[in-house]
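Asker: Contents are mmCIF, C-alpha atoms; file name entry-v8.cif:
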data_data
loop_
_atom_site.label_atom_id
_atom_site.label_comp_id
_atom_site.auth_asym_id
_atom_site.auth_seq_id
_atom_site.Cartn_x
_atom_site.Cartn_y
_atom_site.Cartn_z
CA MET U 256 18.28 -16.55 15.88
CA GLN U 257 20.20 -15.93 12.64
CA PHE U 258 18.16 -16.29 9.45
CA GLU U 259 19.12 -17.66 6.03
CA VAL U 260 17.66 -16.21 2.83
CA THR U 261 15.84 -19.30 1.57
CA THR U 262 12.26 -19.95 0.53
CA ARG U 263 11.92 -22.44 3.38
CA GLN U 264 13.10 -19.89 5.95
CA ILE U 265 10.76 -17.24 4.52
CA ILE U 266 7.76 -19.56 4.76
CA LYS U 267 8.83 -20.69 8.25
CA ILE U 268 8.71 -17.08 9.46
CA ALA U 269 5.71 -15.94 7.40
CA ALA U 270 3.30 -18.85 7.87
CA PRO U 271 2.64 -18.33 11.62
CA ILE U 272 2.40 -14.56 11.09
CA CYS U 273 -0.07 -15.16 8.26
CA LEU U 274 -2.19 -17.44 10.44
CA ALA U 275 -2.06 -14.89 13.25
CA LEU U 276 -3.26 -12.18 10.84
CA ILE U 277 -5.94 -14.32 9.17
CA ILE U 278 -7.67 -15.11 12.45
CA PRO U 279 -8.40 -11.42 13.34
CA GLN U 280 -9.61 -10.87 9.78
CA ILE U 281 -11.98 -13.81 10.11
CA ASN U 282 -13.22 -12.12 13.26
CA HIS U 283 -13.67 -8.82 11.42
CA MET U 284 -15.53 -10.60 8.63
CA THR U 285 -17.77 -12.29 11.20
CA ASN U 286 -18.30 -9.02 13.04
CA THR U 287 -19.21 -7.22 9.80
CA ALA U 288 -21.47 -10.11 8.77
CA PHE U 289 -23.32 -9.97 12.10
CA LEU U 290 -23.76 -6.19 11.85
CA GLY U 291 -24.81 -6.56 8.21
CA ARG U 292 -27.73 -8.67 9.39
CA LEU U 293 -28.86 -5.67 11.47
CA GLY U 294 -28.80 -3.31 8.47
CA GLU U 295 -26.89 -0.84 6.29
CA PHE U 296 -26.76 1.74 9.07
CA GLU U 297 -24.79 -0.55 11.40
CA LEU U 298 -22.40 -1.44 8.58
CA ALA U 299 -21.84 2.25 7.80
CA ALA U 300 -21.31 3.32 11.43
CA ASN U 301 -18.96 0.40 12.08
CA GLY U 302 -16.93 1.39 9.02
CA ILE U 303 -16.22 4.89 10.35
CA ALA U 304 -15.66 3.83 13.98
CA GLY U 305 -13.49 0.86 12.98
CA ILE U 306 -11.20 2.97 10.80
CA TYR U 307 -10.86 5.56 13.59
CA TYR U 308 -9.75 2.86 16.03
CA LEU U 309 -7.35 1.55 13.41
CA VAL U 310 -5.78 5.01 13.21
CA MET U 311 -5.29 5.01 16.99
CA TYR U 312 -3.86 1.49 16.84
CA MET U 313 -1.14 2.75 14.50
CA VAL U 314 0.74 4.08 17.55
CA ALA U 315 1.02 0.49 18.79
CA TYR U 316 1.78 -0.80 15.30
CA GLY U 317 4.56 1.73 14.77
CA LEU U 318 6.17 0.83 18.10
CA ASN U 319 5.74 -2.85 17.22
CA ASN U 320 7.53 -2.48 13.89
CA GLY U 321 10.34 -0.37 15.33
CA LEU U 322 10.90 -2.77 18.21
CA GLN U 323 10.75 -5.69 15.79
CA VAL U 324 13.54 -4.18 13.66
CA LEU U 325 15.73 -3.56 16.72
CA ILE U 326 15.14 -7.03 18.23
CA ALA U 327 15.82 -8.71 14.88
CA ARG U 328 19.08 -6.75 14.60
CA ARG U 329 20.15 -7.86 18.12
CA ALA U 330 19.10 -11.42 17.26
CA GLY U 331 21.34 -11.32 14.19
CA GLN U 332 24.15 -10.18 16.51
CA LEU U 333 23.24 -12.98 19.05
CA ASN U 334 22.82 -10.30 21.73
CA THR U 335 20.13 -11.78 24.04
CA ARG U 336 20.62 -9.29 26.86
CA GLY U 337 20.13 -6.45 24.39
CA ILE U 338 16.80 -8.01 23.36
CA GLY U 339 15.66 -8.01 27.00
CA GLN U 340 16.57 -4.34 27.47
CA LEU U 341 14.65 -3.39 24.35
CA PHE U 342 11.58 -5.40 25.34
CA SER U 343 11.15 -4.07 28.88
CA ASN U 344 11.65 -0.46 27.83
CA GLY U 345 9.41 -0.91 24.78
CA LEU U 346 6.65 -2.26 27.01
CA GLU U 347 6.83 0.76 29.33
CA LEU U 348 6.89 3.15 26.40
CA GLY U 349 3.92 1.37 24.82
CA LEU U 350 1.74 1.53 27.92
CA LEU U 351 2.48 5.23 28.41
CA SER U 352 1.59 5.90 24.76
CA SER U 353 -1.68 3.97 24.98
CA PHE U 354 -2.97 6.02 27.91
CA LEU U 355 -2.05 9.26 26.14
CA VAL U 356 -4.01 8.11 23.08
CA ILE U 357 -7.03 7.23 25.26
CA ALA U 358 -6.99 10.71 26.82
CA LEU U 359 -6.74 12.38 23.39
CA THR U 360 -9.60 10.28 22.04
CA LEU U 361 -11.96 11.03 24.90
CA PHE U 362 -11.35 14.76 24.49
CA LEU U 363 -11.03 15.12 20.72
CA ALA U 364 -13.16 12.39 19.12
CA PRO U 365 -16.54 14.15 19.77
CA TRP U 366 -15.27 17.35 18.15
CA PHE U 367 -13.66 15.52 15.23
CA PHE U 368 -16.70 13.37 14.39
CA ALA U 369 -19.05 16.34 14.77
CA ASN U 370 -17.04 18.39 12.27
CA SER U 371 -16.43 15.66 9.70
CA LEU U 372 -19.59 13.52 9.50
CA HIS U 373 -22.83 14.70 7.88
CA ASN U 374 -25.16 12.00 9.21
CA GLN U 375 -26.11 12.71 12.84
CA GLN U 376 -27.12 9.10 13.56
CA ILE U 377 -23.82 7.74 12.27
CA TYR U 378 -22.00 10.37 14.36
CA GLU U 379 -23.76 9.27 17.56
CA ALA U 380 -23.32 5.54 16.89
CA ALA U 381 -19.62 5.84 15.95
CA LEU U 382 -18.85 8.00 19.00
CA SER U 383 -20.61 5.58 21.35
CA PHE U 384 -18.68 2.67 19.84
CA ILE U 385 -15.27 4.32 20.05
CA ARG U 386 -15.76 5.41 23.69
CA ILE U 387 -15.98 1.71 24.57
CA ARG U 388 -13.48 0.34 22.08
CA ILE U 389 -10.61 2.68 22.92
CA TRP U 390 -10.12 1.08 26.37
CA GLY U 391 -8.77 -2.03 24.69
CA LEU U 392 -5.70 -0.11 23.50
CA PRO U 393 -3.46 -0.88 26.56
CA PHE U 394 -4.17 -4.61 26.13
CA LEU U 395 -3.47 -4.34 22.41
CA MET U 396 -0.26 -2.38 23.08
CA MET U 397 1.06 -5.05 25.46
CA LEU U 398 0.14 -7.76 22.96
CA SER U 399 1.91 -5.85 20.15
CA MET U 400 5.12 -5.60 22.19
CA ALA U 401 5.02 -9.35 22.88
CA ASN U 402 4.43 -10.04 19.18
CA ALA U 403 7.41 -7.84 18.25
CA PHE U 404 9.57 -9.98 20.52
CA TYR U 405 8.23 -13.26 19.11
CA ILE U 406 8.74 -12.22 15.47
CA GLY U 407 12.07 -10.46 15.95
CA SER U 408 13.58 -13.37 17.91
CA GLY U 409 12.36 -16.02 15.44
CA ASN U 410 9.51 -17.41 17.57
CA SER U 411 6.62 -16.32 15.37
CA LYS U 412 4.71 -19.61 15.87
CA VAL U 413 3.43 -18.26 19.19
CA LEU U 414 1.40 -15.59 17.34
CA ALA U 415 -0.92 -18.25 15.92
CA VAL U 416 -1.81 -19.51 19.41
CA THR U 417 -2.49 -16.08 20.90
CA SER U 418 -4.55 -14.98 17.89
CA LEU U 419 -6.63 -18.17 17.88
CA CYS U 420 -7.54 -17.77 21.56
CA GLN U 421 -8.26 -14.06 21.11
CA GLU U 422 -10.51 -14.48 18.13
CA MET U 423 -12.49 -17.44 19.49
CA VAL U 424 -13.40 -15.21 22.43
CA ASN U 425 -14.16 -12.30 20.08
CA ILE U 426 -16.51 -14.24 17.82
CA PHE U 427 -18.35 -15.76 20.79
CA PHE U 428 -18.93 -12.41 22.48
CA ASP U 429 -19.75 -10.75 19.17
CA TYR U 430 -22.61 -13.18 18.72
CA VAL U 431 -24.01 -13.06 22.26
CA LEU U 432 -23.62 -9.28 22.77
CA ILE U 433 -24.69 -8.03 19.32
CA PHE U 434 -27.84 -10.18 19.21
CA GLY U 435 -28.45 -10.60 22.96
CA LYS U 436 -28.03 -14.36 23.49
CA LEU U 437 -27.61 -16.43 26.69
CA GLY U 438 -29.65 -13.93 28.67
CA LEU U 439 -27.37 -10.99 27.84
CA PRO U 440 -28.75 -7.70 26.46
CA ALA U 441 -28.78 -7.08 22.68
CA LEU U 442 -26.27 -4.22 22.36
CA GLY U 443 -25.99 -4.09 18.56
CA LEU U 444 -22.98 -2.08 17.42
CA ASN U 445 -21.77 -1.49 20.99
CA GLY U 446 -21.85 -5.25 21.55
CA ALA U 447 -19.09 -5.55 18.93
CA ALA U 448 -17.04 -2.95 20.84
CA PHE U 449 -17.34 -4.84 24.15
CA ALA U 450 -16.53 -8.14 22.44
CA SER U 451 -13.32 -6.72 20.95
CA LEU U 452 -12.33 -5.26 24.32
CA ILE U 453 -12.71 -8.65 26.05
CA ALA U 454 -10.86 -10.42 23.24
CA GLU U 455 -7.87 -8.05 23.35
CA GLY U 456 -7.53 -8.67 27.07
CA THR U 457 -7.62 -12.42 26.39
CA GLY U 458 -4.95 -12.22 23.68
CA MET U 459 -2.67 -10.26 25.97
CA LEU U 460 -3.06 -12.78 28.83
CA VAL U 461 -2.33 -15.73 26.54
CA ALA U 462 0.76 -14.05 25.01
CA TYR U 463 2.31 -13.34 28.41
CA SER U 464 1.33 -16.74 29.83
CA ILE U 465 3.40 -18.33 27.03
CA LEU U 466 6.19 -15.81 27.61
CA PHE U 467 6.54 -16.96 31.23
CA GLY U 468 5.43 -20.57 30.74
CA ARG U 469 8.13 -21.33 28.14
CA GLY U 470 10.84 -19.44 30.00
CA PHE U 471 11.39 -16.72 27.40
CA HIS U 472 11.57 -14.13 30.18
CA LYS U 473 14.63 -15.87 31.67
CA ARG U 474 16.34 -16.84 28.41
CA PHE U 475 16.18 -13.27 27.03
CA TYR U 476 16.34 -11.30 30.33
CA LEU U 477 13.04 -9.67 29.41
CA PHE U 478 12.23 -8.14 32.79
CA ASP U 479 15.72 -7.73 34.24
CA GLN U 480 15.81 -4.00 33.46
CA LEU U 481 12.43 -2.58 34.41
CA LYS U 482 13.91 0.76 35.38
CA PRO U 483 13.32 3.07 32.39
CA SER U 484 16.44 3.84 30.36
CA TRP U 485 16.23 7.11 28.49
CA GLN U 486 18.99 5.96 26.17
CA ILE U 487 16.99 2.87 25.14
CA PHE U 488 13.80 4.96 24.92
CA ARG U 489 15.61 7.23 22.47
CA SER U 490 16.88 4.23 20.51
CA ILE U 491 13.37 2.78 20.20
CA LEU U 492 11.79 6.12 19.34
CA SER U 493 14.47 6.96 16.76
CA ILE U 494 13.28 3.92 14.79
CA SER U 495 9.61 3.81 15.84
CA ALA U 496 8.59 7.49 15.83
CA PRO U 497 8.92 7.93 12.03
CA LEU U 498 7.02 4.63 11.61
CA ILE U 499 4.22 5.81 13.92
CA VAL U 500 3.87 9.03 11.95
CA GLN U 501 4.09 7.05 8.70
CA PHE U 502 1.27 4.68 9.73
CA LEU U 503 -0.82 7.55 11.08
CA PHE U 504 -0.52 9.24 7.67
CA SER U 505 -1.30 5.97 5.89
CA ILE U 506 -4.39 4.92 7.83
CA GLY U 507 -5.35 8.54 8.49
CA SER U 508 -5.61 9.08 4.75
CA TRP U 509 -7.80 5.99 4.56
CA PHE U 510 -9.98 7.48 7.31
CA VAL U 511 -10.33 10.68 5.26
CA PHE U 512 -11.29 8.52 2.28
CA PHE U 513 -14.08 6.90 4.34
CA ILE U 514 -15.30 10.33 5.46
CA PHE U 515 -15.51 11.39 1.80
CA ILE U 516 -17.42 8.17 1.08
CA GLU U 517 -19.80 8.99 3.95
CA HIS U 518 -20.55 12.25 2.16
CA LEU U 519 -21.69 10.18 -0.84
CA GLY U 520 -24.31 8.44 1.29
CA GLU U 521 -25.00 5.57 3.67
CA ARG U 522 -25.00 2.88 0.96
CA PRO U 523 -21.51 3.63 -0.49
CA LEU U 524 -20.18 3.68 3.08
CA ALA U 525 -21.79 0.30 3.85
CA ILE U 526 -20.30 -1.17 0.64
CA SER U 527 -16.87 0.24 1.47
CA ASN U 528 -16.96 -1.37 4.91
CA MET U 529 -17.66 -4.75 3.28
CA LEU U 530 -14.80 -4.20 0.84
CA ARG U 531 -12.47 -3.25 3.67
CA SER U 532 -13.33 -6.52 5.42
CA ILE U 533 -12.88 -8.69 2.31
CA PHE U 534 -9.55 -7.26 1.29
CA GLY U 535 -8.38 -7.02 4.86
CA PHE U 536 -8.76 -10.80 4.89
CA PHE U 537 -7.03 -11.43 1.56
CA GLY U 538 -4.33 -8.85 2.26
CA VAL U 539 -2.92 -10.87 5.17
CA PHE U 540 -0.58 -12.76 2.84
CA THR U 541 1.11 -9.54 1.78
CA TRP U 542 1.20 -8.18 5.35
CA ALA U 543 2.69 -11.40 6.73
CA LEU U 544 5.35 -11.46 4.02
CA SER U 545 6.03 -7.74 4.58
CA ALA U 546 6.61 -8.41 8.30
CA THR U 547 8.91 -11.27 7.28
CA CYS U 548 10.84 -8.96 4.94
CA ASN U 549 11.19 -6.34 7.68
CA THR U 550 12.64 -8.91 10.11
CA MET U 551 14.79 -10.83 7.62
CA VAL U 552 16.44 -7.71 6.14
CA SER U 553 17.31 -6.40 9.61
CA ASN U 554 18.56 -9.82 10.71
CA VAL U 555 20.91 -10.38 7.75
CA ILE U 556 22.29 -6.85 8.10
CA GLY U 557 22.94 -7.66 11.77
CA GLN U 558 24.89 -10.72 10.59
CA GLY U 559 26.98 -8.47 8.33
CA LYS U 560 25.52 -9.98 5.14
CA GLU U 561 24.34 -6.83 3.39
CA GLU U 562 24.76 -8.49 0.00
CA GLN U 563 21.79 -10.76 0.89
CA VAL U 564 19.31 -7.89 1.26
CA PHE U 565 18.18 -7.65 -2.38
CA ARG U 566 17.94 -11.43 -2.68
CA ALA U 567 15.65 -11.52 0.37
CA ILE U 568 13.40 -8.74 -0.94
CA ARG U 569 13.11 -10.30 -4.41
CA LYS U 570 12.26 -13.74 -3.04
CA ILE U 571 9.64 -12.42 -0.63
CA ALA U 572 8.10 -10.10 -3.25
CA GLY U 573 7.79 -13.02 -5.68
CA ILE U 574 5.94 -15.16 -3.14
CA SER U 575 3.71 -12.21 -2.23
CA LEU U 576 2.80 -11.57 -5.87
CA LEU U 577 1.94 -15.24 -6.42
CA CYS U 578 -0.40 -15.23 -3.40
CA ALA U 579 -2.06 -12.01 -4.58
CA PHE U 580 -2.57 -13.44 -8.08
CA VAL U 581 -4.37 -16.50 -6.70
CA VAL U 582 -6.54 -14.26 -4.51
CA CYS U 583 -7.48 -12.03 -7.47
CA ILE U 584 -8.64 -15.02 -9.51
CA LEU U 585 -10.76 -16.44 -6.67
CA VAL U 586 -12.42 -13.13 -5.77
CA ASN U 587 -13.22 -12.28 -9.40
CA LEU U 588 -14.69 -15.74 -10.00
CA PHE U 589 -16.95 -15.67 -6.93
CA PRO U 590 -17.69 -12.03 -5.96
CA THR U 591 -21.41 -12.57 -5.28
CA THR U 592 -20.77 -15.59 -3.05
CA ILE U 593 -18.21 -13.67 -1.00
CA LEU U 594 -20.42 -10.58 -0.64
CA GLN U 595 -23.34 -12.75 0.51
CA ILE U 596 -21.34 -13.40 3.70
CA TYR U 597 -22.19 -9.82 4.69
CA THR U 598 -25.62 -9.13 3.27
CA THR U 599 -28.57 -10.75 1.53
CA ASP U 600 -29.47 -7.47 -0.21
CA MET U 601 -28.84 -8.30 -3.89
CA ALA U 602 -29.03 -4.62 -4.92
CA LEU U 603 -26.24 -3.83 -2.48
CA ILE U 604 -24.20 -6.75 -3.83
CA ARG U 605 -24.64 -5.66 -7.46
CA GLU U 606 -23.47 -2.14 -6.61
CA ALA U 607 -20.41 -3.53 -4.81
CA ILE U 608 -19.10 -5.81 -7.59
CA PRO U 609 -17.46 -3.10 -9.82
CA SER U 610 -15.47 -1.90 -6.81
CA VAL U 611 -14.48 -5.49 -6.02
CA ARG U 612 -13.01 -5.81 -9.53
CA ILE U 613 -10.99 -2.62 -9.11
CA ILE U 614 -9.56 -3.54 -5.71
CA THR U 615 -8.46 -7.00 -6.81
CA LEU U 616 -6.16 -5.35 -9.36
CA SER U 617 -4.70 -2.97 -6.79
CA THR U 618 -3.82 -5.95 -4.56
CA LEU U 619 -1.33 -7.11 -7.21
CA LEU U 620 0.49 -3.79 -6.97
CA MET U 621 0.24 -3.82 -3.17
CA ALA U 622 1.84 -7.30 -3.06
CA ILE U 623 5.12 -5.92 -4.41
CA SER U 624 4.97 -2.39 -3.00
CA GLY U 625 4.25 -3.49 0.58
CA VAL U 626 7.23 -5.84 0.61
CA ALA U 627 9.54 -3.20 -0.91
CA LEU U 628 8.51 -0.65 1.73
CA SER U 629 9.12 -3.19 4.49
CA GLY U 630 12.56 -3.79 3.02
CA VAL U 631 13.24 -0.09 3.60
CA THR U 632 11.97 -0.47 7.18
CA GLY U 633 14.34 -3.39 7.77
CA THR U 634 17.36 -1.25 6.90
CA GLY U 635 16.56 0.85 9.98
CA ASN U 636 16.33 4.21 8.18
CA THR U 637 12.69 4.76 9.06
CA ARG U 638 12.83 8.48 8.27
CA ILE U 639 13.00 7.45 4.63
CA ASN U 640 9.85 5.38 5.21
CA LEU U 641 8.15 8.48 6.50
CA GLY U 642 9.18 10.51 3.45
CA ILE U 643 7.94 7.80 1.07
CA GLU U 644 4.64 7.54 2.95
CA LEU U 645 4.15 11.30 2.99
CA ALA U 646 4.59 11.52 -0.79
CA ALA U 647 2.17 8.62 -1.35
CA VAL U 648 -0.45 10.08 0.99
CA ILE U 649 -0.30 13.47 -0.72
CA GLY U 650 -0.94 11.83 -4.09
CA TYR U 651 -3.71 9.69 -2.60
CA LEU U 652 -5.52 12.59 -0.92
CA LEU U 653 -5.25 14.81 -3.99
CA TYR U 654 -7.00 12.11 -6.00
CA CYS U 655 -9.65 11.61 -3.30
CA SER U 656 -10.36 15.32 -2.84
CA ILE U 657 -10.82 15.88 -6.58
CA VAL U 658 -12.38 12.62 -7.78
CA VAL U 659 -14.45 11.66 -4.72
CA GLU U 660 -15.26 14.86 -2.83
CA ARG U 661 -15.44 17.36 -5.70
CA TRP U 662 -16.57 15.28 -8.68
CA ARG U 663 -18.72 12.81 -6.65
CA SER U 664 -17.55 9.98 -8.88
CA PRO U 665 -18.98 6.42 -8.66
CA LEU U 666 -17.61 4.26 -5.86
CA HIS U 667 -15.45 2.02 -8.08
CA ILE U 668 -13.72 5.12 -9.52
CA ALA U 669 -13.08 6.34 -5.96
CA TRP U 670 -11.29 3.08 -5.11
CA LEU U 671 -8.81 3.69 -7.96
CA ALA U 672 -7.02 5.92 -5.46
CA ASP U 673 -5.16 2.81 -4.25
CA PHE U 674 -3.30 2.64 -7.57
CA ILE U 675 -1.90 6.14 -7.02
CA TYR U 676 -0.82 5.27 -3.49
CA TRP U 677 0.94 1.96 -4.23
CA THR U 678 2.64 3.22 -7.41
CA ILE U 679 4.34 6.02 -5.47
CA ILE U 680 5.30 3.59 -2.66
CA LEU U 681 6.90 1.14 -5.09
CA SER U 682 8.82 3.66 -7.19
CA MET U 683 10.31 5.52 -4.21
CA SER U 684 11.14 2.36 -2.21
CA ALA U 685 12.91 0.83 -5.22
CA TRP U 686 14.87 4.04 -5.78
CA TYR U 687 16.09 4.18 -2.17
CA LEU U 688 17.05 0.51 -1.97
CA LYS U 689 18.97 0.67 -5.26
CA SER U 690 20.79 3.84 -4.14
CA GLY U 691 22.64 1.88 -1.43
CA ARG U 692 22.39 4.76 1.04
CA TRP U 693 21.02 2.41 3.70
CA LYS U 694 24.36 0.55 4.01
CA ALA U 695 25.84 3.21 6.29
CA LYS U 696 22.90 3.10 8.74
CA SER U 697 23.69 1.68 12.20
CA ILE U 698 21.01 0.99 14.86
#
Is it possible to give me this structure as structure tokens?

Answerer:
Amino acid sequence: MQFEVTTRQIIKIAAPICLALIIPQINHMTNTAFLGRLGEFELAANGIAGIYYLVMYMVAYGLNNGLQVLIARRAGQLNTRGIGQLFSNGLELGLLSSFLVIALTLFLAPWFFANSLHNQQIYEAALSFIRIRIWGLPFLMMLSMANAFYIGSGNSKVLAVTSLCQEMVNIFFDYVLIFGKLGLPALGLNGAAFASLIAEGTGMLVAYSILFGRGFHKRFYLFDQLKPSWQIFRSILSISAPLIVQFLFSIGSWFVFFIFIEHLGERPLAISNMLRSIFGFFGVFTWALSATCNTMVSNVIGQGKEEQVFRAIRKIAGISLLCAFVVCILVNLFPTTILQIYTTDMALIREAIPSVRIITLSTLLMAISGVALSGVTGTGNTRINLGIELAAVIGYLLYCSIVVERWRSPLHIAWLADFIYWTIILSMSAWYLKSGRWKAKSI
């Protein structure tokens, strides 16, 4: 359970995570491609509804990252019983959080969409979608807690299996429910919501079947302490709560960006949804390596090898930048071919290409910045993460409110906001890591 800072070890951890992240992105690309065949309206509505669900998912993602840091630290200390205590209490905390989020969504989403969207049809379609989709959150929360255990304990290969099963189910039900195949009704956009709900339940069942089938529950005492421990709850929340708020700010700002784009019209929103899908797919390399950095930094600190932290971050950032560079070349060489996955409308494709060029450049900055921020997460001082994120979001939203909402600039100029965001992330993360203040943090 103790990691070494080598390229081989980095790839060993990152490769299964990368595969696990690629598979959902393939599903999202397929989903968007299916909806693109229905029309621009479905693409636009799915863009808004999908980002809203992503904001809600950030509660699960924040708990996942916090639990991952804590489990990796206990793994570095070879404390298996401590891993079990964290897992069982994290699972209970996650389920409670998911039902609170569902209740908030059912009450607040109609008001929020009504007061932020200009297009009545998009409002109705997005609300209908999210009322179905939100019920997948408990399944997704349980899956996220299992994934935190698998990554933090050095068993990340399992993620590839669970994701593959989940996404095969998702793509199948996307096809039959969106278009109405095999005697089922054609549900259009809502068909995608039902498909995702079924798939999340499948992923959760597979993850826990492996957990019990391979004896992880006995080896790590995962369910030996089902009685809630307020002390462990506090420990998890002390790390996870700032991350949850951080991710809510991060994706929430992206949601605001999409609302501003909706004010520009249906076509810019449809294009932005395609761009989100494309770069969601190509961004998995950075996200997988960021998750690896998070876990590896926490693990080596748990081993008492603080001098290895900078070496780990530099190695992982270098690999991330290389992957992003290859992606940028491929996307810029074949933008039309990639966009044709989503639509056959050549006018829509031509309008999208300038934005594609802009975003490929921002992925190079993201490749380094994302890893640096995850290095901060791995130190356990997640309140610093929150401060960094808050500063970046303020800069991002100031740009969006002036350039997009007030000036009504072209779409490719709007997407330059990512440069503001990632520049602030990188500069502040580098400053904190070099300061050495994280060395006194104990979790």

Asker: Between U:Cys273, U:Gly302, U:His373, U:Phe515, which has the minimum distance to Gly538 in chain U (counting all atoms listed in the file)?

Answerer: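 Between U:Cys273, U:Gly302, U:His373, U:Phe515, the residue approaching Gly538 in chain U most closely is U:Cys273.
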
Asker: Can you spell out as a ChimeraX atom specification the set of residues that the PyMOL selection byres ((chain U and resi 476) around 10) selects in the structure I just provided?

Answerer: /U:335-340,342-343,470-475,477-480

Asker: With a distance cut-off of 10 Å and only C-alpha atoms, select the neighbouring residues of Ser682 in chain U, excluding the residue or stretch itself and same-chain residues fewer than 6 positions from it, and output the selection as a list in words.

Answerer: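 That gives Ser624, Ala627, Leu628 and Ile643 of chain U.
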
Asker: Output C-alpha atoms for every residue in that selection, as an mmCIF file, keeping the file's coordinate frame.

Answerer:
data_model
loop_
_atom_site.group_PDB
_atom_site.id
_atom_site.type_symbol
_atom_site.label_atom_id
_atom_site.label_comp_id
_atom_site.auth_asym_id
_atom_site.auth_seq_id
_atom_site.Cartn_x
_atom_site.Cartn_y
_atom_site.Cartn_z
ATOM 1 C CA SER U 624 4.970 -2.390 -3.000
ATOM 2 C CA ALA U 627 9.540 -3.200 -0.910
ATOM 3 C CA LEU U 628 8.510 -0.650 1.730
ATOM 4 C CA ILE U 643 7.940 7.800 1.070
#

Asker: Could you give me, as a ChimeraX atom specification, the residues within 7 Å of Asn640 in chain U, counting only C-alpha atoms and dropping anything in the same chain fewer than 5 positions from it?

Answerer: /U:501,631-632

Asker: Rank nothing, just name the residue among U:Gln421, U:Phe296, U:Gly633, U:Ala454 nearest to Arg328 in chain U, using only C-alpha atoms.

Answerer: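 That would be U:Gly633, the residue with the smallest distance to Arg328 in chain U.
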
Asker: Can you work out the spacing between CA of Thr287 in chain U and CA of Thr598 in chain U in Å, to one decimal?

Answerer: 9.3 Å

Asker: How far is it from CA of Ile680 in chain U to CA of Glu644 in chain U, in Å with one decimal?

Answerer: 6.9 Å

Asker: Quick one: apply the PyMOL selection byres ((chain U and resi 447) around 9) to the file and drop the selected residues here as number ranges by chain.

Answerer: U: 286, 290, 384, 388, 425, 428-430, 432-433, 442-446, 448-452

Asker: From the set U:Lys436, U:Lys267, U:Arg329, U:His667, which residue has the shortest atom-to-atom contact distance to Lys412 in chain U, counting all atoms listed in the file?

Answerer: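 Nearest to Lys412 in chain U: U:Lys267.
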
Asker: Need the shell around Thr261 in chain U: protein/DNA/RNA residues with any atom at most 12 Å away, counting all atoms listed in the file. Skip same-chain ones fewer than 5 positions apart. Format as an mmCIF file with C-alpha atoms, in the frame of the given file?

Answerer:
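For reference, result_13.cif as written:
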data_model
loop_
_atom_site.group_PDB
_atom_site.id
_atom_site.type_symbol
_atom_site.label_atom_id
_atom_site.label_comp_id
_atom_site.auth_asym_id
_atom_site.auth_seq_id
_atom_site.Cartn_x
_atom_site.Cartn_y
_atom_site.Cartn_z
ATOM 1 C CA ILE U 266 7.760 -19.560 4.760
ATOM 2 C CA LYS U 267 8.830 -20.690 8.250
ATOM 3 C CA ILE U 268 8.710 -17.080 9.460
ATOM 4 C CA CYS U 548 10.840 -8.960 4.940
ATOM 5 C CA MET U 551 14.790 -10.830 7.620
ATOM 6 C CA VAL U 555 20.910 -10.380 7.750
ATOM 7 C CA GLN U 563 21.790 -10.760 0.890
ATOM 8 C CA VAL U 564 19.310 -7.890 1.260
ATOM 9 C CA ARG U 566 17.940 -11.430 -2.680
ATOM 10 C CA ALA U 567 15.650 -11.520 0.370
ATOM 11 C CA ILE U 568 13.400 -8.740 -0.940
ATOM 12 C CA ARG U 569 13.110 -10.300 -4.410
ATOM 13 C CA LYS U 570 12.260 -13.740 -3.040
ATOM 14 C CA ILE U 571 9.640 -12.420 -0.630
ATOM 15 C CA ILE U 574 5.940 -15.160 -3.140
#

Asker: I need every residue sitting at most 10 Å from the point (-29.3, -12.7, 9.9) (coordinates as in the file, only C-alpha atoms considered), written as an MDAnalysis selection string.

Answerer: chainID U and resid 288:294 434 597:599

Asker: Mind telling me what the PyMOL selection byres ((chain U and resi 270) around 10) catches here, as a list in words?

Answerer: Ile265, Ile266, Lys267, Ile268, Ala269, Pro271, Ile272, Cys273, Leu274, Ala275, Leu276, Ser411, Lys412, Ala415, Phe540, Ala543, Leu544 and Thr547 of chain U

Asker: Find, counting all atoms listed in the file, the residue in U:Trp686, U:Phe427, U:Phe502, U:Phe354 that gets nearest to Thr285 in chain U.

Answerer: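 Of U:Trp686, U:Phe427, U:Phe502, U:Phe354, the one nearest Thr285 in chain U is U:Phe427, counting all atoms listed in the file.
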
Asker: Excluding Ser399 in chain U and its own-chain neighbours fewer than 4 positions away, which residues fall within 8 Å of it when counting all atoms listed in the file? Please give them as a count of residues only.

Answerer: 5

Asker: When distances are computed from all atoms listed in the file, which of U:Pro393, U:Leu652, U:Phe504, U:Ser371 shows the smallest separation from Met313 in chain U?

Answerer: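 Smallest distance to Met313 in chain U is found for U:Phe504.
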
Asker: When distances are computed from all atoms listed in the file, which of U:Asn549, U:Asn344, U:Asn554, U:Ser495 shows the smallest separation from Ala330 in chain U?

Answerer: U:Asn554

Asker: Suppose you want the space between CA of Ser493 in chain U and CA of Ile556 in chain U; what is it in Å?

Answerer: 18.1 Å

Asker: Select all residues near (-10.7, 15.4, 11.9) (cut-off 12 Å, inclusive, file coordinates), counting all atoms listed in the file, and output them as a list in words.

Answerer: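 Counting all atoms listed in the file, I find these residues within 12 Å of (-10.7, 15.4, 11.9): Ile303, Tyr307, Val310, Thr360, Leu363, Ala364, Pro365, Trp366, Phe367, Phe368, Ala369, Asn370, Ser371, Leu372, Gly507, Ser508, Phe510, Val511, Phe512, Phe513, Ile514 and Phe515 of chain U.
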